[in-house]
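These notes concern the structure reproduced below.
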Amino acid sequence: MTRKINIFDTTLRDGEQSPGASMNTEEKLVVARQLLRLNVDVIEAGFPISSPGDFESVRRIAELAGDQATVCGLTRAVEKDIDAAADALKYAKRPRIHTGIGVSPSHLRDKLRITEDECVERAVKCVKYARNFVEDVQFYAEDAGRSDYDFLVRVIEAVIKAGATVVNIPDTTGYSLPEEFGARIKYLMDHVDGIEKATVSVHCHNDLGMATALSLAGVKNGATQVECTINGLGERAGNTAMEEVVMGIKMHGDELDACTEINTREFIKASRLVSSITGMNVQANKAIVGANAFAHSSGIHQDGVLKKRDTYEIIDPADVGAGTSQIVLTARSGHAALKHRLEELGYELEGEALDQVYEAFLNLADKKKEVYDEDLESLVNERDRNESALYALEGVQVSTGFPLTPTATVTLRNAADQVVTACEYGTGPIDAVYKAVNKIVQVDNELTEFSVQSVTRGIDALGEVTIRVTAPDGGVYTGRGADNDIIVSSTKAYLNALNRLLNDKQEHRR
Ligand code: KIV
Ligand code: ZN
């Protein structure tokens, strides 16, 4: 029988560690719902000890998932971390604690400053401690990709004896070559006493652009769990991209003796959702989910595809949910039609939330003849961003042109329901707007990135602005805003980033 490979999603933990990609609890819940639609086996929902927000996210996602997926919380090999994870997972139907420690010479010598014996002792202790709370304990051997083969065997053997049900072999720094990483997994399969009692997992990073290849090499050599993220989001160059590794397994199931139970038709939707929530744009030539992944531009290729699709296309775009975008609604469409289409897109809105999106939809439909799925997604995300806003935009006006000095007047409503207006000059209209916002909000930051993209085609399309600001402590905050008017989108994006920064400051003060 073909081996089933479990898909362990860590978009909400390792993915969120990507600078500027942090999500609040509500946003994480939206992503978690999409992960359930994808039918992932495990959701790593956060690192509960790291912040009250992470704790709450793990708790609420455990509640949401019920028995549909295992929900996992990360810890270091420290008892107070494990206590926090156990507490966050208290009501989970399928809880898993993910604990572990560094095992490479560099981690032992330079980071942990412990001996190999001390490392094994700590690893065993944390697994045993976690087993007091849950039956499903996953152990990670951090930086396993650069560890000594026989020491790795020793650690993995010891933690399985101590009760680990899953052993995670990460290539934390994305250093390995696929063949070498595959050989490492095979070595463990051949030399660890009791390895058949545990699931072997691979967790690869993309520092050399090989995370997917490394994960597939792991699967080929015995791993039956792959850890990955939507769009390959994650620390530095990111993690293995779920859409790539799952489609790789699907296309090469026979050679790998492997399959997954992922609903691949949800990939494009998942990609757009994560990109929109985190503000991390997907490059056009990204495998599987990039805008050009199924575009054929050269004459020779177009001719081939027209004669027979698979001359140049190895995947049917419909299998990953591509090419399904359609004109959906018009200004004459009612509440029920909007609700229905939003549900098809994966958003479940009721009451006031639905009314707000409906109003925004009518506004847009008045200005724009054709309202696409991407427009609707943008409207929903815009509403979600405003939900947790400490400062909301009441109005913005600019006066600009040649040879005028650009001037902006901005009116905001604060959390105490006060309306405040400020005016400023700037080198350009956006500079003037941002200076006026700064006069009201008064929070130190530096604008480090600014980009604008149209949500759909056409001159009347919504313009989506993505920005990044850096706080004095080095924290990076992403902001997004969408509107037909890009001055308004730019203002909304800036406010979104400042609201995130202020929310984060408040959370750390608690
Ligand atoms: O990359 C890594 O080693 C990790 C572990 C915490 C699993 O993310
Ligand atoms: Zn990682």
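Chain labels run A, B, ... following the order of the structure tokens; each chain numbers its residues from 1, and ligands are numbered from 1 in the order shown.
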
Could you write out, as a list in words, all the residues of range 246-287 of chain A that DSSP marks as alpha helix (DSSP H)?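 Answer for range 246-287 of chain A restricted to alpha helix (DSSP H) is Val246, Met247, Gly248, Ile249, Lys250, Met251, Gly253, Asp254, Glu255, Leu256, Phe267, Ile268, Lys269, Ala270, Ser271, Arg272, Leu273, Val274, Ser275, Ser276, Ile277 and Thr278 of chain A.
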
How would you report the residues lying within 6 Å of ligand 1, as a PyMOL selection string, if you count only C-alpha atoms and all ligand atoms? chain A and resi 14+140+142-143+170+172

**Asked** Could you list, as a list in words, all the residues within 9 Å of ligand 2, counting only C-alpha atoms and all ligand atoms?
**Response**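 Those residues are Thr10, Arg13, Asp14, Gly15, Glu142, Pro170, Asp171, Thr172, Thr173, His203, Cys204, His205, Glu227, Cys228, Gly234, Glu235, Gly238 and Asn239 of chain A.
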
May I have the selected residues written with N, CA and C atoms, as a JSON list (two decimals), in the first residue's frame?
```json
[["chain", "number", "residue", "atom", "x", "y", "z"],
["A", 10, "THR", "N", 3.17, 24.70, 9.20],
["A", 10, "THR", "CA", 3.71, 25.60, 10.22],
["A", 10, "THR", "C", 3.69, 27.07, 9.77],
["A", 13, "ARG", "N", 3.37, 29.34, 12.67],
["A", 13, "ARG", "CA", 4.48, 29.40, 13.64],
["A", 13, "ARG", "C", 5.78, 29.79, 12.93],
["A", 14, "ASP", "N", 6.38, 28.88, 12.16],
["A", 14, "ASP", "CA", 7.64, 29.23, 11.49],
["A", 14, "ASP", "C", 7.37, 30.29, 10.42],
["A", 15, "GLY", "N", 6.25, 30.16, 9.71],
["A", 15, "GLY", "CA", 5.90, 31.14, 8.67],
["A", 15, "GLY", "C", 5.79, 32.52, 9.25],
["A", 142, "GLU", "N", 17.04, 20.26, 16.59],
["A", 142, "GLU", "CA", 17.36, 21.47, 15.83],
["A", 142, "GLU", "C", 18.75, 21.38, 15.20],
["A", 170, "PRO", "N", 15.09, 18.49, 11.39],
["A", 170, "PRO", "CA", 15.12, 19.72, 10.60],
["A", 170, "PRO", "C", 16.48, 20.00, 9.96],
["A", 171, "ASP", "N", 16.43, 20.54, 8.75],
["A", 171, "ASP", "CA", 17.63, 21.15, 8.19],
["A", 171, "ASP", "C", 17.43, 22.65, 8.44],
["A", 172, "THR", "N", 17.67, 23.02, 9.68],
["A", 172, "THR", "CA", 17.33, 24.35, 10.19],
["A", 172, "THR", "C", 17.94, 25.49, 9.37],
["A", 173, "THR", "N", 19.15, 25.26, 8.86],
["A", 173, "THR", "CA", 19.84, 26.35, 8.14],
["A", 173, "THR", "C", 19.77, 26.18, 6.63],
["A", 203, "HIS", "N", 11.81, 18.79, 8.16],
["A", 203, "HIS", "CA", 11.47, 20.22, 8.30],
["A", 203, "HIS", "C", 12.64, 20.98, 7.66],
["A", 204, "CYS", "N", 12.45, 21.43, 6.42],
["A", 204, "CYS", "CA", 13.60, 21.97, 5.69],
["A", 204, "CYS", "C", 13.44, 23.46, 5.38],
["A", 205, "HIS", "N", 14.57, 24.15, 5.45],
["A", 205, "HIS", "CA", 14.58, 25.58, 5.12],
["A", 205, "HIS", "C", 15.19, 25.80, 3.75],
["A", 227, "GLU", "N", 7.03, 18.95, 7.03],
["A", 227, "GLU", "CA", 6.64, 20.22, 7.63],
["A", 227, "GLU", "C", 6.84, 21.32, 6.59],
["A", 228, "CYS", "N", 5.84, 22.16, 6.46],
["A", 228, "CYS", "CA", 5.86, 23.13, 5.35],
["A", 228, "CYS", "C", 4.93, 24.30, 5.64],
["A", 234, "GLY", "N", 8.46, 31.87, 5.82],
["A", 234, "GLY", "CA", 9.23, 31.40, 6.98],
["A", 234, "GLY", "C", 10.51, 32.16, 7.20],
["A", 235, "GLU", "N", 11.20, 31.81, 8.28],
["A", 235, "GLU", "CA", 12.48, 32.43, 8.65],
["A", 235, "GLU", "C", 13.39, 32.59, 7.43],
["A", 238, "GLY", "N", 12.81, 31.17, 4.03],
["A", 238, "GLY", "CA", 11.55, 30.45, 4.15],
["A", 238, "GLY", "C", 11.69, 28.96, 4.37],
["A", 239, "ASN", "N", 10.50, 28.32, 4.45],
["A", 239, "ASN", "CA", 10.40, 26.87, 4.68],
["A", 239, "ASN", "C", 10.01, 26.19, 3.37]]
```

**Message:** Give me, as a PyMOL selection string, all polymer residues having an atom no more than 9 Å from Ser275 in chain A, counting only C-alpha atoms and skipping those fewer than 6 positions away in the same chain.
**Reply:** chain A and resi 230-231+281-282

Contact residues around Gly53 in chain A with only C-alpha atoms at 8 Å, ignoring same-chain residues under 4 positions, as a PyMOL selection string: chain A and resi 24-25+57+507

Name all residues at most 9 Å from range 192-201 of chain A (count only C-alpha atoms; drop same-chain ones fewer than 5 positions away) and give them as a list in words.
-> Asn6, Phe8, Gln138, Tyr140, Val153, Arg154, Ile156, Glu157, Ile160, Lys161, Ala164, Thr165, Val166, Val167, Asn168, Ile169, Pro170, Ile185, Tyr187, Gly218, Val219, Gly222, Ala223, Thr224, Gln225, Val226 and Glu227 of chain A

Which polymer residues have any atom within 12 Å of an atom of Glu449 in chain A, counting only C-alpha atoms, with same-chain residues fewer than 2 positions away left out, as a list in words?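 The residues satisfying every condition are Gly20, Gly279, Met280, Glu446, Leu447, Ser451, Val452, Val465, Thr466, Ile467, Arg468, Val469, Thr470, Val476, Tyr477, Thr478, Gly479, Arg480, Ser490, Ala493, Tyr494 and Ala497 of chain A.
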
- Query: What lies within 12 Å of Ala336 in chain A using only C-alpha atoms, ignoring chain neighbours under 3 positions off, as a list of chain:residue names?
  - Reply: A:Leu329, A:Arg332, A:Ser333, A:Lys339, A:His340, A:Arg341, A:Leu342, A:Glu343, A:Leu349, A:Glu350, A:Gly351, A:Leu354, A:Asp355, A:Tyr358

Those selected residues, please, written with C-alpha atoms and delivered as a compact mmCIF listing (two decimals), in the first residue's frame.
```
# COMPACT_ATOMS: atom_id res chain seq x y z
CA LEU A 329 -21.51 39.98 -8.77
CA ARG A 332 -27.77 44.54 -8.32
CA SER A 333 -26.66 41.48 -6.36
CA LYS A 339 -22.76 35.70 1.35
CA HIS A 340 -22.92 32.64 -0.91
CA ARG A 341 -19.96 33.71 -3.04
CA LEU A 342 -17.92 34.63 0.04
CA GLU A 343 -18.62 31.18 1.48
CA LEU A 349 -19.46 36.22 7.54
CA GLU A 350 -22.64 36.97 9.45
CA GLY A 351 -24.55 39.98 10.86
CA LEU A 354 -21.51 40.83 6.41
CA ASP A 355 -23.37 44.18 6.34
CA TYR A 358 -21.89 44.36 1.58
```

In range 1-237 of chain A, DSSP strand (DSSP E or B) residues written as an NGL selection string
:A and (3-4 or 6-9 or 42-46 or 70-74 or 95-102 or 137-142 or 166-171 or 199-205 or 225-229)

Convert the current residue selection to file output with C-alpha atoms, as a PDB file, in the first residue's frame.
```pdb
ATOM      1  CA  ARG A   3       2.587   5.345   2.182  1.00  0.00           C
ATOM      2  CA  LYS A   4       0.451   8.243   3.344  1.00  0.00           C
ATOM      3  CA  ASN A   6       1.251  13.563   6.813  1.00  0.00           C
ATOM      4  CA  ILE A   7       1.315  17.257   6.017  1.00  0.00           C
ATOM      5  CA  PHE A   8       2.314  19.354   9.027  1.00  0.00           C
ATOM      6  CA  ASP A   9       1.636  23.032   8.363  1.00  0.00           C
ATOM      7  CA  VAL A  42      -1.300  18.859  11.659  1.00  0.00           C
ATOM      8  CA  ILE A  43      -1.499  22.613  12.301  1.00  0.00           C
ATOM      9  CA  GLU A  44       1.372  24.106  14.265  1.00  0.00           C
ATOM     10  CA  ALA A  45      -0.613  27.031  15.644  1.00  0.00           C
ATOM     11  CA  GLY A  46       2.084  28.915  17.550  1.00  0.00           C
ATOM     12  CA  THR A  70      -3.962  17.616  15.212  1.00  0.00           C
ATOM     13  CA  VAL A  71      -3.082  20.999  16.734  1.00  0.00           C
ATOM     14  CA  CYS A  72       0.458  21.505  17.878  1.00  0.00           C
ATOM     15  CA  GLY A  73       2.226  24.061  20.088  1.00  0.00           C
ATOM     16  CA  LEU A  74       5.997  24.663  19.986  1.00  0.00           C
ATOM     17  CA  PRO A  95      -3.192  17.924  20.994  1.00  0.00           C
ATOM     18  CA  ARG A  96       0.513  17.631  20.215  1.00  0.00           C
ATOM     19  CA  ILE A  97       3.428  19.235  22.042  1.00  0.00           C
ATOM     20  CA  HIS A  98       6.466  19.955  19.856  1.00  0.00           C
ATOM     21  CA  THR A  99       9.567  20.207  21.991  1.00  0.00           C
ATOM     22  CA  GLY A 100      13.250  19.907  21.269  1.00  0.00           C
ATOM     23  CA  ILE A 101      16.808  21.126  21.442  1.00  0.00           C
ATOM     24  CA  GLY A 102      19.801  21.887  19.189  1.00  0.00           C
ATOM     25  CA  VAL A 137       4.829  14.395  21.651  1.00  0.00           C
ATOM     26  CA  GLN A 138       6.979  15.499  18.746  1.00  0.00           C
ATOM     27  CA  PHE A 139      10.697  16.024  19.310  1.00  0.00           C
ATOM     28  CA  TYR A 140      12.779  18.346  17.095  1.00  0.00           C
ATOM     29  CA  ALA A 141      16.522  17.895  16.801  1.00  0.00           C
ATOM     30  CA  GLU A 142      17.358  21.470  15.832  1.00  0.00           C
ATOM     31  CA  VAL A 166       7.147  11.881  16.143  1.00  0.00           C
ATOM     32  CA  VAL A 167      10.811  12.740  15.553  1.00  0.00           C
ATOM     33  CA  ASN A 168      11.461  15.863  13.536  1.00  0.00           C
ATOM     34  CA  ILE A 169      14.761  16.072  11.627  1.00  0.00           C
ATOM     35  CA  PRO A 170      15.119  19.715  10.597  1.00  0.00           C
ATOM     36  CA  ASP A 171      17.629  21.150   8.191  1.00  0.00           C
ATOM     37  CA  THR A 199       6.826   8.936  12.677  1.00  0.00           C
ATOM     38  CA  VAL A 200       9.897  10.468  11.039  1.00  0.00           C
ATOM     39  CA  SER A 201       9.339  14.081  10.004  1.00  0.00           C
ATOM     40  CA  VAL A 202      11.393  16.445   7.837  1.00  0.00           C
ATOM     41  CA  HIS A 203      11.472  20.218   8.301  1.00  0.00           C
ATOM     42  CA  CYS A 204      13.602  21.974   5.688  1.00  0.00           C
ATOM     43  CA  HIS A 205      14.575  25.580   5.123  1.00  0.00           C
ATOM     44  CA  GLN A 225       5.646  13.614   7.705  1.00  0.00           C
ATOM     45  CA  VAL A 226       6.637  16.816   5.907  1.00  0.00           C
ATOM     46  CA  GLU A 227       6.639  20.224   7.632  1.00  0.00           C
ATOM     47  CA  CYS A 228       5.862  23.126   5.355  1.00  0.00           C
ATOM     48  CA  THR A 229       4.149  26.483   4.939  1.00  0.00           C
TER      49      THR A 229
END
```

| query | Between A:Leu338, A:Val305, A:Ile486, A:Ile268, which has the minimum distance to Gly290 in chain A (counting only C-alpha atoms)? | reply |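 Residue with the minimum atom-to-atom distance to Gly290 in chain A: A:Ile268.
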
Query - One-decimal distance in Å that lies between CA of Leu233 in chain A and CA of Asn206 in chain A - result: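 About the pair CA of Asn206 in chain A and CA of Leu233 in chain A: they are 9.8 Å apart.
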